[in-house]
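Student: Just one file: run_12.cif, with mmCIF, C-alpha atoms and all ligand atoms.
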```
data_input
loop_
_atom_site.label_atom_id
_atom_site.label_comp_id
_atom_site.auth_asym_id
_atom_site.auth_seq_id
_atom_site.Cartn_x
_atom_site.Cartn_y
_atom_site.Cartn_z
CA MET J 45 10.50 -87.41 40.43
CA ALA J 46 12.03 -90.27 38.47
CA GLU J 47 12.80 -91.98 41.85
CA VAL J 48 14.09 -95.44 40.93
CA GLU J 49 14.16 -97.26 37.61
CA GLY J 50 12.99 -100.88 37.67
CA GLY J 51 13.49 -101.01 41.46
CA CYS J 52 17.17 -99.96 41.20
CA GLU J 53 18.92 -96.70 42.07
CA LEU J 54 20.40 -95.15 38.92
CA PHE J 55 23.46 -94.18 40.99
CA SER J 56 24.25 -97.53 42.52
CA ALA J 57 25.81 -98.45 45.85
CA GLY J 58 29.17 -100.20 46.03
CA HIS J 59 31.24 -97.25 44.78
CA ARG J 60 34.42 -96.24 46.59
CA ALA J 61 33.55 -92.98 48.32
CA CYS J 62 34.41 -92.52 51.99
CA GLY J 63 31.52 -93.47 54.29
CA GLY J 64 29.40 -90.35 54.85
CA CYS J 65 30.55 -88.67 51.62
CA GLY J 66 28.34 -85.65 50.84
CA PRO J 67 29.06 -85.61 47.09
CA ALA J 68 28.02 -89.30 46.77
CA LEU J 69 24.60 -88.44 48.17
CA ALA J 70 24.34 -85.51 45.74
CA ALA J 71 25.02 -87.85 42.79
CA ARG J 72 22.31 -90.23 43.95
CA LEU J 73 19.79 -87.41 44.34
CA LEU J 74 20.78 -85.93 40.99
CA LEU J 75 19.85 -89.11 39.11
CA LYS J 76 16.58 -89.40 41.05
CA ALA J 77 15.73 -86.02 39.55
CA THR J 78 16.88 -86.65 35.99
CA GLY J 79 15.80 -90.26 35.49
CA LYS J 80 17.34 -92.18 32.60
CA ASN J 81 16.88 -89.65 29.83
CA VAL J 82 20.14 -87.84 30.55
CA ILE J 83 23.77 -87.72 29.47
CA ILE J 84 26.31 -86.72 32.14
CA ALA J 85 29.58 -84.92 31.38
CA ALA J 86 31.83 -85.25 34.44
CA ALA J 87 34.96 -83.47 35.59
CA THR J 88 37.98 -85.08 37.22
CA GLY J 89 37.71 -85.14 41.01
CA CYS J 90 36.62 -87.29 43.93
CA MET J 91 33.24 -88.11 42.38
CA GLU J 92 34.76 -89.28 39.10
CA VAL J 93 37.42 -91.34 40.90
CA PHE J 94 35.17 -93.04 43.44
CA SER J 95 32.31 -93.75 41.04
CA THR J 96 34.10 -94.99 37.92
CA PRO J 97 37.14 -97.17 38.68
CA TYR J 98 37.56 -98.81 35.25
CA PRO J 99 35.91 -101.18 34.27
CA GLU J 100 33.26 -100.52 36.94
CA THR J 101 30.79 -97.63 37.19
CA ALA J 102 28.09 -96.53 39.62
CA TRP J 103 26.34 -94.49 36.90
CA GLY J 104 23.32 -96.22 35.35
CA VAL J 105 23.10 -93.55 32.63
CA PRO J 106 25.41 -92.48 29.77
CA TRP J 107 28.42 -90.74 31.35
CA ILE J 108 31.54 -89.20 29.84
CA HIS J 109 34.74 -87.97 31.45
CA SER J 110 37.42 -85.96 29.69
CA LEU J 111 39.70 -83.38 31.33
CA PHE J 112 39.36 -81.53 34.62
CA GLU J 113 38.56 -78.23 32.91
CA ASN J 114 36.38 -79.60 30.10
CA PRO J 115 32.90 -80.84 31.05
CA ALA J 116 31.10 -77.67 29.93
CA ALA J 117 32.82 -77.80 26.53
CA VAL J 118 32.07 -81.52 26.16
CA ALA J 119 28.44 -80.93 27.16
CA SER J 120 28.17 -78.11 24.61
CA GLY J 121 29.14 -80.51 21.83
CA ILE J 122 26.78 -83.22 23.05
CA GLU J 123 23.89 -80.76 23.29
CA ALA J 124 24.51 -79.36 19.79
CA SER J 125 24.66 -82.86 18.33
CA LEU J 126 21.48 -84.03 20.10
CA LYS J 127 19.64 -80.93 18.88
CA ARG J 128 20.72 -81.63 15.31
CA GLN J 129 19.52 -85.24 15.60
CA GLY J 130 16.19 -84.19 17.17
CA ARG J 131 16.88 -86.17 20.32
CA THR J 132 15.44 -85.38 23.74
CA GLU J 133 18.08 -86.37 26.29
CA LYS J 134 18.94 -83.74 28.91
CA VAL J 135 22.62 -82.82 29.19
CA VAL J 136 24.05 -82.36 32.68
CA CYS J 137 27.60 -81.45 33.74
CA ILE J 138 28.92 -82.33 37.15
CA GLY J 139 32.12 -81.02 38.71
CA GLY J 140 33.63 -80.22 42.09
CA ASP J 141 34.26 -76.67 43.26
CA GLY J 142 37.91 -76.75 42.15
CA SER J 143 36.88 -77.75 38.67
CA THR J 144 33.93 -75.36 38.55
CA LEU J 145 35.06 -72.19 40.31
CA ASP J 146 38.72 -72.29 39.27
CA ILE J 147 40.02 -74.53 36.52
CA GLY J 148 36.89 -74.96 34.37
CA VAL J 149 35.69 -71.33 34.44
CA LEU J 150 36.71 -70.56 30.85
CA CYS J 151 34.77 -73.47 29.36
CA ILE J 152 31.76 -72.82 31.62
CA SER J 153 31.72 -69.14 30.68
CA GLY J 154 31.85 -70.06 26.98
CA ALA J 155 29.02 -72.59 27.26
CA PHE J 156 26.80 -70.15 29.18
CA GLU J 157 27.60 -67.25 26.85
CA ARG J 158 26.71 -69.38 23.81
CA GLY J 159 23.43 -70.31 25.50
CA HIS J 160 23.67 -74.10 25.34
CA ASP J 161 20.70 -75.98 26.78
CA ILE J 162 22.66 -77.66 29.58
CA THR J 163 22.48 -77.85 33.37
CA TYR J 164 25.73 -77.49 35.29
CA ILE J 165 25.86 -78.96 38.81
CA CYS J 166 28.76 -77.98 41.05
CA TYR J 167 29.09 -80.21 44.12
CA ASP J 168 30.75 -77.86 46.57
CA ASN J 169 32.88 -79.63 49.18
CA GLU J 170 34.93 -76.45 49.57
CA ALA J 171 38.39 -77.68 48.51
CA TYR J 172 40.28 -79.87 46.03
CA MET J 173 39.66 -83.09 47.98
CA ASN J 174 40.82 -85.75 45.54
CA THR J 175 44.39 -84.45 45.48
CA GLY J 176 44.72 -83.84 49.22
CA ILE J 177 42.56 -80.94 50.48
CA GLN J 178 44.03 -77.92 48.67
CA ARG J 179 42.12 -74.62 48.91
CA SER J 180 39.84 -73.62 46.02
CA GLY J 181 37.86 -70.49 45.21
CA ALA J 182 35.04 -72.02 47.27
CA THR J 183 37.03 -72.63 50.45
CA PRO J 184 35.54 -70.52 53.24
CA TYR J 185 37.43 -67.77 55.04
CA GLY J 186 39.56 -69.08 57.90
CA ALA J 187 39.54 -72.78 56.92
CA SER J 188 42.82 -74.65 57.19
CA THR J 189 43.76 -76.63 54.07
CA THR J 190 47.07 -78.08 52.89
CA THR J 191 47.73 -74.98 50.78
CA SER J 192 46.33 -72.53 53.36
CA PRO J 193 47.57 -74.21 56.54
CA ALA J 194 46.81 -72.51 59.83
CA GLY J 195 49.92 -71.73 61.88
CA SER J 196 51.75 -68.97 63.66
CA CYS J 197 51.78 -66.78 60.52
CA SER J 198 48.44 -67.85 59.03
CA LEU J 199 44.81 -67.98 60.14
CA GLY J 200 43.95 -70.41 57.34
CA ASN J 201 42.37 -69.46 54.02
CA PRO J 202 42.60 -65.66 53.70
CA ARG J 203 39.82 -65.18 51.10
CA PRO J 204 36.01 -65.47 51.16
CA LYS J 205 34.12 -67.86 48.84
CA LYS J 206 33.93 -66.77 45.21
CA ASP J 207 30.32 -65.93 44.21
CA MET J 208 29.96 -68.31 41.25
CA PRO J 209 26.13 -68.21 41.16
CA ALA J 210 26.31 -64.41 40.66
CA ILE J 211 28.98 -64.82 37.97
CA LEU J 212 26.79 -67.22 36.00
CA ALA J 213 23.63 -65.16 36.59
CA ALA J 214 25.59 -62.27 35.04
CA HIS J 215 26.01 -64.45 31.93
CA GLY J 216 22.22 -64.25 31.50
CA ALA J 217 21.51 -67.75 32.85
CA PRO J 218 17.72 -68.12 33.14
CA TYR J 219 17.92 -70.26 36.28
CA VAL J 220 20.63 -70.35 38.96
CA ALA J 221 20.19 -71.96 42.37
CA THR J 222 22.01 -73.09 45.46
CA ALA J 223 21.01 -76.23 47.33
CA SER J 224 22.19 -78.52 50.10
CA ILE J 225 22.11 -82.25 50.69
CA ALA J 226 20.51 -81.39 54.05
CA TYR J 227 17.33 -80.67 52.05
CA PRO J 228 17.18 -83.49 49.48
CA ASN J 229 13.68 -82.80 48.13
CA ASP J 230 14.58 -79.16 47.56
CA PHE J 231 17.71 -80.20 45.63
CA VAL J 232 15.77 -82.72 43.52
CA GLN J 233 13.09 -80.11 42.70
CA LYS J 234 15.73 -77.58 41.72
CA VAL J 235 17.41 -80.09 39.38
CA GLU J 236 14.03 -80.87 37.80
CA ARG J 237 13.39 -77.16 37.30
CA ALA J 238 16.86 -76.59 35.84
CA ILE J 239 16.76 -79.43 33.33
CA ASN J 240 13.31 -78.33 32.17
CA THR J 241 14.32 -74.67 31.75
CA PRO J 242 15.65 -73.98 28.23
CA GLY J 243 19.17 -72.54 28.19
CA PRO J 244 22.18 -72.89 30.48
CA CYS J 245 21.28 -73.38 34.16
CA TYR J 246 23.48 -73.70 37.23
CA ILE J 247 23.08 -75.32 40.64
CA GLN J 248 25.74 -75.23 43.37
CA VAL J 249 24.98 -77.89 45.97
CA HIS J 250 26.69 -77.82 49.37
CA THR J 251 28.16 -81.27 50.02
CA PRO J 252 30.18 -81.62 53.26
CA CYS J 253 33.27 -83.84 53.09
CA CYS J 254 33.96 -85.62 56.38
CA THR J 255 37.56 -86.42 55.39
CA GLY J 256 38.57 -82.94 54.25
CA TRP J 257 36.64 -80.94 56.86
CA GLY J 258 37.44 -83.28 59.76
CA PHE J 259 34.20 -84.50 61.31
CA GLU J 260 32.68 -87.91 62.05
CA SER J 261 31.20 -89.60 58.97
CA GLY J 262 27.79 -89.93 60.62
CA GLU J 263 27.58 -86.13 60.97
CA THR J 264 27.44 -85.17 57.28
CA LEU J 265 23.80 -84.12 57.14
CA ASN J 266 24.03 -82.33 60.51
CA MET J 267 27.02 -80.38 59.19
CA ALA J 268 25.13 -79.42 56.02
CA LYS J 269 22.15 -78.33 58.12
CA LEU J 270 24.29 -76.28 60.49
CA ALA J 271 25.82 -74.40 57.56
CA ILE J 272 22.31 -73.25 56.65
CA GLU J 273 21.19 -72.62 60.22
CA THR J 274 24.17 -70.32 60.82
CA GLY J 275 23.73 -68.43 57.53
CA LEU J 276 27.13 -69.50 56.21
CA TRP J 277 25.31 -71.31 53.38
CA VAL J 278 22.10 -69.90 51.89
CA ASN J 279 19.69 -71.90 49.74
CA TYR J 280 18.15 -69.64 47.10
CA GLU J 281 16.90 -69.50 43.50
CA MET J 282 17.66 -66.79 40.95
CA VAL J 283 15.39 -66.46 37.92
CA ASP J 284 16.66 -64.21 35.14
CA GLY J 285 19.20 -62.74 37.57
CA ARG J 286 16.77 -61.92 40.39
CA VAL J 287 16.66 -63.76 43.71
CA GLU J 288 13.15 -65.21 44.00
CA LYS J 289 13.27 -67.50 46.99
CA ALA J 290 15.72 -67.91 49.87
CA LYS J 291 15.29 -70.31 52.76
CA LYS J 292 14.60 -68.45 56.00
CA VAL J 293 16.13 -69.59 59.30
CA SER J 294 16.31 -68.71 63.00
CA ARG J 295 20.04 -68.24 62.92
CA LYS J 296 22.49 -69.91 65.29
CA PRO J 297 25.94 -68.42 66.06
CA VAL J 298 28.60 -69.55 63.53
CA GLU J 299 30.63 -71.04 66.38
CA GLU J 300 28.19 -73.96 66.57
CA TYR J 301 29.26 -74.93 63.05
CA LEU J 302 32.95 -74.04 63.23
CA GLN J 303 33.84 -75.83 66.45
CA LYS J 304 32.65 -79.20 65.10
CA GLN J 305 35.25 -79.28 62.27
CA LYS J 306 39.00 -79.84 62.40
CA ARG J 307 39.59 -77.34 59.57
CA PHE J 308 38.54 -74.58 62.02
CA ARG J 309 40.16 -76.11 65.13
CA HIS J 310 42.86 -73.41 65.22
CA LEU J 311 40.18 -70.81 65.97
CA PHE J 312 39.54 -72.47 69.35
CA LYS J 313 42.88 -74.06 70.36
CA PRO J 314 45.46 -73.37 71.72
CA ALA J 315 43.72 -70.01 72.21
CA ARG J 316 40.34 -68.70 71.09
CA ARG J 317 40.54 -66.33 68.12
CA ASP J 318 37.48 -64.24 68.84
CA ASP J 319 38.57 -61.71 66.22
CA VAL J 320 38.47 -64.28 63.40
CA ILE J 321 35.27 -65.91 64.69
CA ALA J 322 33.70 -62.42 64.67
CA GLN J 323 34.82 -61.92 61.06
CA ILE J 324 33.18 -65.20 60.07
CA GLN J 325 30.04 -64.17 61.97
CA GLY J 326 30.16 -61.01 59.86
CA ILE J 327 30.09 -63.10 56.68
CA ALA J 328 26.96 -64.92 57.92
CA ASP J 329 25.36 -61.59 58.92
CA ALA J 330 26.07 -60.17 55.46
CA ASN J 331 24.50 -63.26 53.84
CA ALA J 332 21.43 -62.85 56.04
CA GLU J 333 21.12 -59.19 55.08
CA ARG J 334 21.66 -59.82 51.35
CA PHE J 335 19.13 -62.67 51.06
CA GLY J 336 16.69 -61.61 53.83
CA ILE J 337 16.82 -65.03 55.50
CA ASP J 338 16.31 -64.08 59.15
CA ILE J 339 13.05 -65.20 60.71
CA LYS J 340 12.13 -62.17 62.76
CA ARG J 341 10.99 -62.78 66.33
CA LYS J 342 7.53 -61.32 67.02
CA GLU J 343 7.86 -57.82 68.48
CA SER J 344 6.59 -57.52 72.02
CA SER J 345 3.22 -55.71 72.05
CA GLU J 346 4.17 -53.76 75.17
C1 LIG J 401 44.34 -79.39 34.54
C2 LIG J 401 44.45 -80.28 35.74
N1 LIG J 401 44.98 -79.79 36.87
C3 LIG J 401 45.07 -80.56 37.97
C4 LIG J 401 44.64 -81.86 37.94
C5 LIG J 401 44.80 -82.73 39.16
N2 LIG J 401 43.56 -82.93 39.85
C6 LIG J 401 42.79 -84.02 39.66
S1 LIG J 401 41.44 -84.09 40.65
C7 LIG J 401 41.88 -82.64 41.36
C8 LIG J 401 41.03 -82.07 42.50
C9 LIG J 401 39.61 -81.87 42.16
O1 LIG J 401 39.04 -80.94 43.02
P1 LIG J 401 37.51 -80.57 42.93
O2 LIG J 401 37.14 -80.16 41.57
O3 LIG J 401 37.21 -79.59 44.00
O4 LIG J 401 36.77 -81.96 43.22
P2 LIG J 401 36.89 -82.90 44.52
O5 LIG J 401 38.13 -83.72 44.37
O6 LIG J 401 36.93 -82.01 45.71
O7 LIG J 401 35.68 -83.74 44.49
C10 LIG J 401 43.05 -82.11 40.81
C11 LIG J 401 43.71 -80.86 41.23
C12 LIG J 401 44.11 -82.36 36.73
N3 LIG J 401 43.63 -83.61 36.65
N4 LIG J 401 44.02 -81.57 35.65
S1 LIG J 402 37.46 -87.15 50.41
FE1 LIG J 402 35.47 -86.17 50.78
S2 LIG J 402 34.53 -85.84 48.75
FE2 LIG J 402 36.22 -87.34 48.53
S3 LIG J 402 35.20 -89.36 48.70
FE3 LIG J 402 35.96 -88.81 50.76
S4 LIG J 402 34.21 -87.73 51.76
FE4 LIG J 402 33.81 -87.82 49.53
#
```
How would this structure read if it were set down as structure tokens?
Tutor:
Amino acid sequence: MAEVEGGCELFSAGHRACGGCGPALAARLLLKATGKNVIIAAATGCMEVFSTPYPETAWGVPWIHSLFENPAAVASGIEASLKRQGRTEKVVCIGGDGSTLDIGVLCISGAFERGHDITYICYDNEAYMNTGIQRSGATPYGASTTTSPAGSCSLGNPRPKKDMPAILAAHGAPYVATASIAYPNDFVQKVERAINTPGPCYIQVHTPCCTGWGFESGETLNMAKLAIETGLWVNYEMVDGRVEKAKKVSRKPVEEYLQKQKRFRHLFKPARRDDVIAQIQGIADANAERFGIDIKRKESSE
């Protein structure tokens, strides 16, 4: 692990993220994994805004921002140029879930189909946070956002999360993984593996947003951990399209996660919506089945 360079974090403190921001921690961990020999292509979004208010920057490595939908195209050009010059820098894209799962899909698909040697990191805070908490393709079923507001005619977001890892695995990506800031060493190791795997690689890291989800800023890591413990987020690796490793858990009921966040408050007040909570439990159960994450209790010998 590159850890720190000359006693300094490569992603420095003093940026303008909310206290307890999950994506800010992901950026710090990302640069611990890459070290200095990297060029970052960044999308528009919270991370770009809080980390690079001109003329300041928190990034202690070369960093370029263009348009919301563009980082994969920009990274493709950088990678092709570096290859031609015989240079060794790694090329890493970083974008939020709105940029990655919705608006940037065309450029990402093109970069992966062409086989560029890049690593794409999506920090998944499950909505378009920078512009005021609009739903994205990664917003979970039942969450209230400003464009899927819960009310008398709506139970919140009506669609499940889009399966972006599977979409990019289907492009022939040699390495695709999910990670969580609740398990920092695992995330760092996955970034190291991705940047050292030739070809286009993808990591989607779960990064709770205290402001958009509605929980206390000191609870960010607990929220990330609960997502995994309930099975609503699964940490796994896919090599050449096959799931190789998924983190096993003794699952908790999804309620323990939902009731701690304002975006799901309407499922508990003014009246409990057991039907919707059961549907969300069904999503966690399906995840557990698909990835085989349940730690089985020992059968009684009697
Ligand atoms: C093509 C385009 N559409 C919309 C915007 C406005 N915009 C800027 S940031 C942003 C939200 C970004 O959401 P996400 O990618 O999820 O990152 P987050 O803010 O959550 O970190 C939007 C919609 C834009 N800059 N460009
Ligand atoms: S709104 Fe969310 S993602 Fe944006 S800086 Fe605040 S905590 Fe971070």
Student: J:Cys62, J:Ala119, J:Val283, J:Ile108: which is nearest Ala221 of chain J, counting all atoms listed in the file?
Tutor: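 Residue with the minimum atom-to-atom distance to Ala221 of chain J: J:Val283.
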Student: Using all atoms listed in the file, list the residues that have an atom at most 10 Å from (33.8, -80.5, 56.3), coordinates as in the file, as JSON, numbers by chain.
Tutor: {"J": [65, 66, 169, 170, 171, 187, 251, 252, 253, 254, 255, 256, 257, 258, 259, 260, 261, 263, 264, 267, 268, 301, 302, 304, 305, 306, 307, 308]}
Student: Give me, as a PyMOL selection string, the set of residues whose atoms come within 10 Å of any atom of ligand LIG 401 (chain J), counting only C-alpha atoms and all ligand atoms.
Tutor: chain J and resi 66-68+87-94+110-114+138-148+166-183+251+253+256
Student: Dump C-alpha atoms for the selected residues as a CSV table (one decimal), in the frame of the given file?
Tutor:
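Result went into result00.csv, see below:
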```
chain,number,residue,atom,x,y,z
J,66,GLY,CA,28.3,-85.6,50.8
J,67,PRO,CA,29.1,-85.6,47.1
J,68,ALA,CA,28.0,-89.3,46.8
J,87,ALA,CA,35.0,-83.5,35.6
J,88,THR,CA,38.0,-85.1,37.2
J,89,GLY,CA,37.7,-85.1,41.0
J,90,CYS,CA,36.6,-87.3,43.9
J,91,MET,CA,33.2,-88.1,42.4
J,92,GLU,CA,34.8,-89.3,39.1
J,93,VAL,CA,37.4,-91.3,40.9
J,94,PHE,CA,35.2,-93.0,43.4
J,110,SER,CA,37.4,-86.0,29.7
J,111,LEU,CA,39.7,-83.4,31.3
J,112,PHE,CA,39.4,-81.5,34.6
J,113,GLU,CA,38.6,-78.2,32.9
J,114,ASN,CA,36.4,-79.6,30.1
J,138,ILE,CA,28.9,-82.3,37.2
J,139,GLY,CA,32.1,-81.0,38.7
J,140,GLY,CA,33.6,-80.2,42.1
J,141,ASP,CA,34.3,-76.7,43.3
J,142,GLY,CA,37.9,-76.8,42.2
J,143,SER,CA,36.9,-77.8,38.7
J,144,THR,CA,33.9,-75.4,38.6
J,145,LEU,CA,35.1,-72.2,40.3
J,146,ASP,CA,38.7,-72.3,39.3
J,147,ILE,CA,40.0,-74.5,36.5
J,148,GLY,CA,36.9,-75.0,34.4
J,166,CYS,CA,28.8,-78.0,41.0
J,167,TYR,CA,29.1,-80.2,44.1
J,168,ASP,CA,30.8,-77.9,46.6
J,169,ASN,CA,32.9,-79.6,49.2
J,170,GLU,CA,34.9,-76.4,49.6
J,171,ALA,CA,38.4,-77.7,48.5
J,172,TYR,CA,40.3,-79.9,46.0
J,173,MET,CA,39.7,-83.1,48.0
J,174,ASN,CA,40.8,-85.8,45.5
J,175,THR,CA,44.4,-84.4,45.5
J,176,GLY,CA,44.7,-83.8,49.2
J,177,ILE,CA,42.6,-80.9,50.5
J,178,GLN,CA,44.0,-77.9,48.7
J,179,ARG,CA,42.1,-74.6,48.9
J,180,SER,CA,39.8,-73.6,46.0
J,181,GLY,CA,37.9,-70.5,45.2
J,182,ALA,CA,35.0,-72.0,47.3
J,183,THR,CA,37.0,-72.6,50.4
J,251,THR,CA,28.2,-81.3,50.0
J,253,CYS,CA,33.3,-83.8,53.1
J,256,GLY,CA,38.6,-82.9,54.2
```
Student: Rounded to one decimal in Å, what is the spacing between atom FE4 of ligand LIG 402 (chain J) and atom CA of Asp230 of chain J?
Tutor: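 Taking atom FE4 of ligand LIG 402 (chain J) as the start and atom CA of Asp230 of chain J as the end point, the length is 21.2 Å.
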Student: My list of candidates is J:Pro314, J:Gly195, J:Gly262, J:Leu73. Which is closest to ligand LIG 402 (chain J) when distances are computed with all atoms listed in the file?
Tutor: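 Closest to ligand LIG 402 (chain J) of all the choices is J:Gly262.
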Student: Atom CA of Leu265 of chain J and atom CA of Asn240 of chain J, how far apart in Å?
Tutor: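 A separation of 27.7 Å between them.
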Student: Skip Gly285 of chain J itself and residues of its chain fewer than 5 positions away, then list as a list in words all residues within 12 Å of it, counting only C-alpha atoms.
Tutor: Pro209, Ala210, Ile211, Leu212, Ala213, Ala214, His215, Gly216, Ala217, Pro218, Tyr219, Val220, Ala221, Cys245, Tyr246 and Tyr280 of chain J
Student: Rounded to one decimal in Å, what is the spacing between atom CA of Ile327 of chain J and atom CA of Lys234 of chain J?
Tutor: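 We find that atom CA of Ile327 of chain J and atom CA of Lys234 of chain J lie 25.3 Å from each other.
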Student: Pick the closest to ligand LIG 402 (chain J) from J:Ser120, J:Pro244, J:Gly186, J:His250: which is it, counting only C-alpha atoms and all ligand atoms?
Tutor: J:His250
Student: Hey, which of J:Ile272, J:Cys151, J:Cys137, J:Ala194 ends up closest to Val293 of chain J? Count only C-alpha atoms.
Tutor: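 So, comparing all the options, the nearest one is J:Ile272.
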Student: If you count all atoms listed in the file, which residues fall within 8 Å of Glu300 of chain J, apart from same-chain ones fewer than 3 positions away, as a PyMOL selection string?
Tutor: chain J and resi 270+274+296-297+303-304
Student: How big is the axis-aligned box, and where does its centre sit, when it encloses all atoms of segment 168-172 of chain J listed in the file and has 6 Å added on every side, reported in Å to one decimal as JSON?
Tutor:
```
{"center_x": 35.5, "center_y": -78.2, "center_z": 47.8, "size_x": 21.5, "size_y": 15.4, "size_z": 15.5}
```
Student: So which one's closest to ligand LIG 402 (chain J), J:Gly64, J:Pro228, J:Gly104, J:Pro193? Using only C-alpha atoms and all ligand atoms, please.
Tutor: J:Gly64
Student: Nearest to ligand LIG 402 (chain J): which of J:Val232, J:Pro115, J:Ile324, J:Ala61 is it, counting only C-alpha atoms and all ligand atoms?
Tutor: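 Using only C-alpha atoms and all ligand atoms, ligand LIG 402 (chain J) sits closest to J:Ala61.
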Student: Name the residues, using the chain letters and numbers of the file, that sit within 7 Å of (22.8, -73.0, 29.3) when counting all atoms listed in the file, and give them as a compact mmCIF listing (two decimals) with C-alpha atoms, in the coordinates of the input.
Tutor:
```
# COMPACT_ATOMS: atom_id res chain seq x y z
CA ALA J 155 29.02 -72.59 27.26
CA PHE J 156 26.80 -70.15 29.18
CA GLY J 159 23.43 -70.31 25.50
CA HIS J 160 23.67 -74.10 25.34
CA ASP J 161 20.70 -75.98 26.78
CA ILE J 162 22.66 -77.66 29.58
CA THR J 163 22.48 -77.85 33.37
CA ALA J 217 21.51 -67.75 32.85
CA GLY J 243 19.17 -72.54 28.19
CA PRO J 244 22.18 -72.89 30.48
CA CYS J 245 21.28 -73.38 34.16
```
Student: Please provide as an mmCIF file with C-alpha atoms, keeping the file's coordinate frame all residues within 7 Å of Ser56 of chain J, with the sequence filter that same-chain residues fewer than 3 positions apart are discarded (counting all atoms listed in the file).
Tutor:
```
data_model
loop_
_atom_site.group_PDB
_atom_site.id
_atom_site.type_symbol
_atom_site.label_atom_id
_atom_site.label_comp_id
_atom_site.auth_asym_id
_atom_site.auth_seq_id
_atom_site.Cartn_x
_atom_site.Cartn_y
_atom_site.Cartn_z
ATOM 1 C CA GLU J 53 18.920 -96.700 42.070
ATOM 2 C CA ALA J 102 28.090 -96.530 39.620
ATOM 3 C CA TRP J 103 26.340 -94.490 36.900
#
```
Student: Can you list, as a ChimeraX atom specification, every protein, DNA or RNA residue that comes within 8 Å of Pro184 of chain J when you count all atoms listed in the file, leaving out same-chain residues fewer than 4 positions away?
Tutor: /J:170,201,203-205
Student: Could you please fill out segment 119-130 of chain J with N, CA, C and O atoms and send it back as a PDB file, in the frame of the given file?
Tutor:
```
ATOM      1  N   ALA J 119      29.909 -80.987  27.133  1.00  0.00           N
ATOM      2  CA  ALA J 119      28.440 -80.930  27.160  1.00  0.00           C
ATOM      3  C   ALA J 119      27.901 -80.059  26.033  1.00  0.00           C
ATOM      4  O   ALA J 119      26.862 -80.373  25.444  1.00  0.00           O
ATOM      5  N   SER J 120      28.617 -78.987  25.707  1.00  0.00           N
ATOM      6  CA  SER J 120      28.170 -78.110  24.610  1.00  0.00           C
ATOM      7  C   SER J 120      28.092 -78.896  23.306  1.00  0.00           C
ATOM      8  O   SER J 120      27.122 -78.786  22.546  1.00  0.00           O
ATOM      9  N   GLY J 121      29.120 -79.703  23.054  1.00  0.00           N
ATOM     10  CA  GLY J 121      29.140 -80.510  21.830  1.00  0.00           C
ATOM     11  C   GLY J 121      28.046 -81.554  21.815  1.00  0.00           C
ATOM     12  O   GLY J 121      27.377 -81.762  20.790  1.00  0.00           O
ATOM     13  N   ILE J 122      27.842 -82.190  22.970  1.00  0.00           N
ATOM     14  CA  ILE J 122      26.780 -83.220  23.050  1.00  0.00           C
ATOM     15  C   ILE J 122      25.427 -82.575  22.783  1.00  0.00           C
ATOM     16  O   ILE J 122      24.612 -83.079  22.005  1.00  0.00           O
ATOM     17  N   GLU J 123      25.203 -81.429  23.422  1.00  0.00           N
ATOM     18  CA  GLU J 123      23.890 -80.760  23.290  1.00  0.00           C
ATOM     19  C   GLU J 123      23.646 -80.347  21.836  1.00  0.00           C
ATOM     20  O   GLU J 123      22.542 -80.535  21.295  1.00  0.00           O
ATOM     21  N   ALA J 124      24.680 -79.804  21.176  1.00  0.00           N
ATOM     22  CA  ALA J 124      24.510 -79.360  19.790  1.00  0.00           C
ATOM     23  C   ALA J 124      24.206 -80.560  18.883  1.00  0.00           C
ATOM     24  O   ALA J 124      23.354 -80.485  17.983  1.00  0.00           O
ATOM     25  N   SER J 125      24.879 -81.674  19.151  1.00  0.00           N
ATOM     26  CA  SER J 125      24.660 -82.860  18.330  1.00  0.00           C
ATOM     27  C   SER J 125      23.260 -83.445  18.550  1.00  0.00           C
ATOM     28  O   SER J 125      22.567 -83.823  17.597  1.00  0.00           O
ATOM     29  N   LEU J 126      22.823 -83.492  19.811  1.00  0.00           N
ATOM     30  CA  LEU J 126      21.480 -84.030  20.100  1.00  0.00           C
ATOM     31  C   LEU J 126      20.411 -83.175  19.426  1.00  0.00           C
ATOM     32  O   LEU J 126      19.441 -83.698  18.863  1.00  0.00           O
ATOM     33  N   LYS J 127      20.611 -81.854  19.481  1.00  0.00           N
ATOM     34  CA  LYS J 127      19.640 -80.930  18.880  1.00  0.00           C
ATOM     35  C   LYS J 127      19.527 -81.218  17.382  1.00  0.00           C
ATOM     36  O   LYS J 127      18.449 -81.320  16.823  1.00  0.00           O
ATOM     37  N   ARG J 128      20.687 -81.376  16.749  1.00  0.00           N
ATOM     38  CA  ARG J 128      20.720 -81.630  15.310  1.00  0.00           C
ATOM     39  C   ARG J 128      20.021 -82.942  14.950  1.00  0.00           C
ATOM     40  O   ARG J 128      19.357 -83.062  13.928  1.00  0.00           O
ATOM     41  N   GLN J 129      20.143 -83.937  15.866  1.00  0.00           N
ATOM     42  CA  GLN J 129      19.520 -85.240  15.600  1.00  0.00           C
ATOM     43  C   GLN J 129      18.062 -85.293  16.040  1.00  0.00           C
ATOM     44  O   GLN J 129      17.402 -86.318  15.888  1.00  0.00           O
ATOM     45  N   GLY J 130      17.571 -84.211  16.686  1.00  0.00           N
ATOM     46  CA  GLY J 130      16.190 -84.190  17.170  1.00  0.00           C
ATOM     47  C   GLY J 130      15.971 -85.088  18.365  1.00  0.00           C
ATOM     48  O   GLY J 130      14.859 -85.575  18.589  1.00  0.00           O
TER      49      GLY J 130
END
```
